[in-house]
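Here's start-v6.txt, which has compact mmCIF, C-alpha atoms:
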# COMPACT_ATOMS: atom_id res chain seq x y z
CA MET Z 1 -8.25 -11.38 -7.67
CA ASP Z 2 -5.73 -12.94 -5.31
CA LEU Z 3 -2.07 -11.94 -5.52
CA TYR Z 4 0.32 -14.34 -3.76
CA PHE Z 5 3.55 -13.12 -2.12
CA VAL Z 6 6.59 -15.23 -3.05
CA PRO Z 7 8.50 -15.00 -0.77
CA ASN Z 8 6.58 -13.47 2.13
CA ASP Z 9 8.89 -10.47 2.36
CA ILE Z 10 7.07 -7.27 1.46
CA GLU Z 11 10.34 -5.45 0.71
CA TYR Z 12 11.58 -8.08 -1.73
CA THR Z 13 8.87 -10.22 -3.25
CA THR Z 14 6.94 -11.07 -6.40
CA LEU Z 15 3.15 -11.03 -6.53
CA PHE Z 16 1.70 -13.94 -8.51
CA SER Z 17 -1.87 -14.67 -9.57
CA ALA Z 18 -3.34 -18.10 -8.78
CA ASN Z 19 -2.21 -19.47 -12.16
CA GLY Z 20 1.44 -18.68 -11.38
CA VAL Z 21 1.77 -15.56 -13.56
CA PRO Z 22 3.85 -12.75 -11.99
CA HIS Z 23 2.03 -9.39 -11.89
CA TYR Z 24 4.31 -7.21 -9.73
CA ARG Z 25 7.84 -7.31 -8.41
CA ILE Z 26 8.82 -5.37 -5.29
CA ARG Z 27 12.50 -4.67 -4.75
CA THR Z 28 14.07 -2.52 -2.02
CA LEU Z 29 17.49 -1.02 -2.68
CA VAL Z 30 19.76 0.05 0.15
CA ASN Z 31 22.40 2.67 -0.61
CA ASN Z 32 24.88 3.74 2.05
CA LYS Z 33 25.18 7.13 0.36
CA GLY Z 34 21.49 7.76 -0.18
CA PRO Z 35 17.97 6.90 0.97
CA ARG Z 36 16.47 3.42 0.89
CA VAL Z 37 14.23 3.08 -2.17
CA THR Z 38 11.49 0.53 -2.85
CA LEU Z 39 10.71 -0.15 -6.51
CA ILE Z 40 7.39 -1.53 -7.74
CA LEU Z 41 7.72 -3.12 -11.17
CA ARG Z 42 5.44 -4.87 -13.63
CA PRO Z 43 7.09 -7.96 -15.18
CA SER Z 44 7.02 -8.08 -18.94
CA GLN Z 45 5.51 -11.16 -20.54
CA GLU Z 46 7.32 -10.46 -23.81
CA SER Z 47 10.81 -9.31 -22.80
CA SER Z 48 13.30 -9.40 -19.95
CA PHE Z 49 12.68 -5.74 -19.08
CA ASP Z 50 10.23 -4.84 -16.32
CA THR Z 51 8.14 -1.66 -16.32
CA LEU Z 52 8.74 0.67 -13.38
CA ILE Z 53 5.35 1.45 -11.79
CA ALA Z 54 6.40 3.46 -8.74
CA GLU Z 55 9.25 4.38 -6.42
CA ILE Z 56 9.07 4.89 -2.67
CA GLU Z 57 11.93 6.89 -1.18
CA TRP Z 58 12.06 6.25 2.57
CA LYS Z 59 12.57 9.05 5.06
CA ASP Z 60 13.63 6.61 7.78
CA TRP Z 61 13.22 2.95 8.76
CA ASP Z 62 9.42 2.81 8.42
CA THR Z 63 8.30 6.24 7.15
CA PRO Z 64 7.91 6.85 3.41
CA GLY Z 65 9.20 10.30 2.48
CA ILE Z 66 8.67 10.74 -1.27
CA ILE Z 67 6.78 8.75 -3.88
CA ARG Z 68 7.09 8.86 -7.65
CA SER Z 69 4.92 7.25 -10.32
CA PRO Z 70 3.74 7.88 -13.90
CA LEU Z 71 0.24 7.87 -12.34
CA PHE Z 72 0.94 11.22 -10.69
CA SER Z 73 1.32 14.67 -12.20
CA GLY Z 74 4.10 17.24 -12.05
CA ALA Z 75 7.14 16.40 -9.92
CA GLY Z 76 5.45 13.14 -8.89
CA GLN Z 77 6.39 11.74 -12.31
CA GLU Z 78 10.13 12.40 -11.97
CA MET Z 79 11.22 8.77 -11.80
CA GLY Z 80 14.73 8.12 -10.51
CA MET Z 81 15.22 11.70 -9.26
CA ALA Z 82 16.35 11.34 -5.65
CA GLY Z 83 14.74 13.92 -3.39
CA VAL Z 84 12.18 14.89 -6.04
CA GLY Z 85 8.56 13.75 -6.10
CA LEU Z 86 5.29 13.86 -4.21
CA LYS Z 87 5.45 13.94 -0.43
CA ALA Z 88 4.03 10.65 0.82
CA VAL Z 89 2.17 12.31 3.71
CA ARG Z 90 0.26 14.47 1.24
CA TYR Z 91 -0.96 11.54 -0.83
CA LEU Z 92 -1.40 8.85 1.84
CA TYR Z 93 -2.63 10.99 4.71
CA LYS Z 94 -4.18 10.52 8.13
CA ARG Z 95 -7.10 12.31 9.77
CA HIS Z 96 -6.41 11.50 13.42
CA ARG Z 97 -3.15 11.94 15.28
CA PHE Z 98 -2.98 8.50 16.93
CA SER Z 99 -4.74 6.45 14.26
CA PRO Z 100 -2.82 3.94 12.12
CA SER Z 101 -5.36 4.41 9.31
CA ARG Z 102 -4.38 6.31 6.16
CA TYR Z 103 -6.47 7.79 3.35
CA PHE Z 104 -5.88 8.53 -0.32
CA VAL Z 105 -7.91 9.66 -3.31
CA GLY Z 106 -7.77 7.33 -6.29
CA ASP Z 107 -7.73 8.13 -9.99
CA ASP Z 108 -11.52 7.58 -9.86
CA ALA Z 109 -11.88 10.61 -7.48
CA ILE Z 110 -13.05 8.31 -4.66
CA GLU Z 111 -11.48 8.51 -1.21
CA TYR Z 112 -10.14 5.23 0.16
CA ARG Z 113 -9.00 4.18 3.61
CA TRP Z 114 -6.24 1.73 4.54
CA LYS Z 115 -6.48 0.30 8.02
CA MET Z 116 -4.01 -1.95 9.83
CA MET Z 117 -5.90 -5.06 10.90
CA LYS Z 118 -6.01 -6.03 14.57
CA GLU Z 119 -4.18 -9.34 14.15
CA HIS Z 120 -2.86 -9.47 10.62
CA GLY Z 121 -2.37 -7.36 7.51
CA CYS Z 122 -4.20 -4.34 6.14
CA MET Z 123 -7.69 -3.68 4.76
CA LEU Z 124 -8.70 -1.15 2.10
CA THR Z 125 -12.24 0.22 2.02
CA GLN Z 126 -14.09 3.09 0.40
CA ALA Z 127 -14.07 5.81 3.04
CA ASP Z 128 -17.75 6.75 2.69
CA THR Z 129 -19.48 3.41 2.04
CA ARG Z 130 -17.04 1.18 3.98
CA ALA Z 131 -17.21 -1.31 1.10
CA GLU Z 132 -14.17 -3.59 1.14
CA VAL Z 133 -11.82 -3.15 -1.81
CA ALA Z 134 -8.73 -5.15 -0.78
CA CYS Z 135 -7.43 -7.12 2.18
CA SER Z 136 -4.19 -8.95 2.96
CA MET Z 137 -4.36 -12.31 4.72
CA ASN Z 138 -2.79 -15.72 5.05
CA VAL Z 139 -4.68 -18.46 3.20
CA LEU Z 140 -4.41 -22.16 2.45
CA SER Z 141 -4.74 -22.22 -1.31
CA SER Z 142 -7.16 -24.85 -2.57
CA GLU Z 143 -6.55 -24.54 -6.30
CA GLY Z 144 -4.22 -23.26 -8.97
CA PHE Z 145 -0.45 -23.04 -8.98
CA PHE Z 146 -0.20 -22.76 -5.16
CA ALA Z 147 -2.75 -25.45 -4.25
CA GLY Z 148 -2.09 -26.96 -0.83
CA GLU Z 149 0.27 -24.16 0.27
CA ASN Z 150 -0.15 -21.53 2.98
CA LYS Z 151 0.54 -18.18 1.37
CA GLU Z 152 0.30 -14.50 2.16
CA VAL Z 153 -2.27 -13.02 -0.21
CA LEU Z 154 -3.55 -9.60 -1.19
CA ARG Z 155 -7.18 -10.13 -2.20
CA ILE Z 156 -8.54 -7.37 -4.46
CA GLN Z 157 -12.23 -7.02 -5.25
CA PRO Z 158 -13.53 -5.66 -8.59
CA CYS Z 159 -13.14 -1.89 -8.29
CA SER Z 160 -12.78 1.38 -10.20
CA VAL Z 161 -9.45 2.51 -8.73
CA ASP Z 162 -6.26 1.69 -10.63
CA ILE Z 163 -4.73 -1.52 -9.26
CA ASP Z 164 -1.27 0.06 -9.43
CA LEU Z 165 -2.38 2.64 -6.84
CA ILE Z 166 -3.69 -0.14 -4.59
CA ILE Z 167 -0.32 -1.91 -4.79
CA LEU Z 168 1.67 1.29 -4.19
CA THR Z 169 -0.32 2.36 -1.14
CA PHE Z 170 -0.47 -1.19 0.23
CA VAL Z 171 3.31 -1.57 0.05
CA MET Z 172 3.72 1.71 1.96
CA MET Z 173 1.28 0.57 4.66
CA GLU Z 174 2.50 -3.02 4.97
CA ILE Z 175 6.20 -2.17 5.15
CA LYS Z 176 5.41 0.33 7.90
CA ARG Z 177 3.25 -2.24 9.73
CA ARG Z 178 5.85 -5.01 9.59
CA ARG Z 179 8.73 -2.71 10.51
CA LYS Z 180 6.89 -1.19 13.45
CA TYR Z 181 4.94 -4.12 14.84
CA GLY Z 182 6.63 -7.18 13.39
CA GLY Z 183 3.24 -8.65 12.51
CA THR Z 184 2.26 -8.79 16.19
CA PHE Z 185 -0.69 -6.74 17.35
CA VAL Z 186 0.06 -4.22 20.08
CA GLU Z 187 -3.30 -2.95 21.25
CA GLU Z 188 -2.13 0.34 22.71
CA ALA Z 189 -0.07 1.18 19.64
CA LEU Z 190 -2.65 0.12 17.06
CA HIS Z 191 -5.72 1.52 18.79
CA ASP Z 192 -7.73 3.37 16.19
CA GLU Z 193 -9.08 6.67 17.48
CA GLU Z 194 -11.77 6.74 14.83
CA PRO Z 195 -15.30 5.75 15.93
CA GLN Z 196 -15.56 2.55 13.89
CA GLY Z 197 -15.23 -1.18 14.48
CA GLU Z 198 -11.92 -2.97 14.11
CA CYS Z 199 -12.21 -4.57 10.69
CA ASP Z 200 -14.71 -2.50 8.79
CA GLY Z 201 -14.05 0.61 6.77
CA GLY Z 202 -14.65 4.02 8.22
CA GLY Z 203 -16.05 7.39 7.41
CA SER Z 204 -13.77 10.34 7.02
CA GLY Z 205 -15.06 12.38 9.92
CA GLU Z 206 -12.90 15.19 11.19
CA GLY Z 207 -10.90 14.87 14.37
CA GLU Z 208 -8.26 16.64 16.36
CA GLY Z 209 -4.61 16.38 15.41
CA ASP Z 210 -3.13 15.91 11.95
CA VAL Z 211 -5.78 16.14 9.29
CA GLY Z 212 -4.79 15.07 5.77
CA ALA Z 213 -4.89 17.17 2.65
CA ASP Z 214 -8.26 18.25 1.35
CA VAL Z 215 -9.86 15.58 -0.85
CA GLY Z 216 -10.36 17.98 -3.73
CA GLU Z 217 -6.71 19.06 -3.59
CA VAL Z 218 -5.35 15.54 -3.39
CA SER Z 219 -7.47 14.31 -6.30
CA THR Z 220 -5.65 16.73 -8.63
CA MET Z 221 -2.34 15.01 -7.88
CA VAL Z 222 -3.27 11.91 -9.86
CA GLY Z 223 -2.58 12.37 -13.55
CA GLU Z 224 -4.60 11.13 -16.47
CA LEU Z 225 -4.17 7.40 -17.09
Would you give me this structure, written as structure tokens?
Amino acid sequence: MDLYFVPNDIEYTTLFSANGVPHYRIRTLVNNKGPRVTLILRPSQESSFDTLIAEIEWKDWDTPGIIRSPLFSGAGQEMGMAGVGLKAVRYLYKRHRFSPSRYFVGDDAIEYRWKMMKEHGCMLTQADTRAEVACSMNVLSSEGFFAGENKEVLRIQPCSVDIDLIILTFVMMEIKRRRKYGGTFVEEALHDEEPQGECDGGGSGEGEGDVGADVGEVSTMVGEL
């Protein structure tokens, strides 16, 4: 499935399928008296009211601080409660101090790995098998509603993880990537300390520095769907 960004602004965009149907809206709210918050919504096909899928409360310019979603359990479900929720670094964690890659455990109890691509976008793989699950890219659409147009696309393969979790974690990664690097690859900054190639997935081997939460612990944070 391809989801097209219209416009190509990850903080304020709508994700459309190839037939022109909106699947997600992303809106970032800036409040002078509180933290910046990114909302992920599912457009309703039957009413004018969208369903709130997740909230990202930002700690600073490019670092997510707290996330909230009905997909989580406990305080992670407290939608709209500023300062309350699941710490982003506990859910989307890293295993190596200087690596831009981040890991999370899906509702299917599988560990996944997001990696910032060398030249463009982010790629999601299963951490153990390295099988590609999703990848963002720029494409020239050849069919459908956007035929003949160059568009930013998130391409998602058939998978067992909830698509809402893919969108939530992708938005966190891509906003950070665009804020920090402006879409331009900086080799020293983006050098991945993990012993894998540049565009394939990676194993979860241990390393020095900040190691993420234990997989078994993190998997309990995702509530029943």
- Item | Proximity to Z:Val21 - best of Z:Pro158, Z:Gly80, Z:Pro43, Z:Gly65, all atoms listed in the file |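 Under the stated criterion, the closest residue is Z:Pro43.
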- For Z:Asp9, the nearest of the candidates Z:Lys151, Z:His23, Z:His96, Z:Lys180, counting all atoms listed in the file: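 So, comparing all the options, the nearest one is Z:Lys151.
Atom to atom, atom CA of Z:Arg27 and atom CA of Z:Ile56 stand 10.4 Å apart.
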- Task: Record the distance separating atom CA of Z:Pro22 and atom CA of Z:Leu39, expressed in Å with one decimal.
- Result: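 Atom CA of Z:Pro22 sits 15.4 Å away from atom CA of Z:Leu39.
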- Message: Considering all atoms listed in the file, can you say which of Z:Thr125, Z:Ser47, Z:Gln157, Z:Asn150 comes closest to Z:Pro7?
- Response: Z:Asn150
- For atom CA of Z:Asp108 and atom CA of Z:Arg177, the interatomic separation in Å (one decimal): 26.4 Å
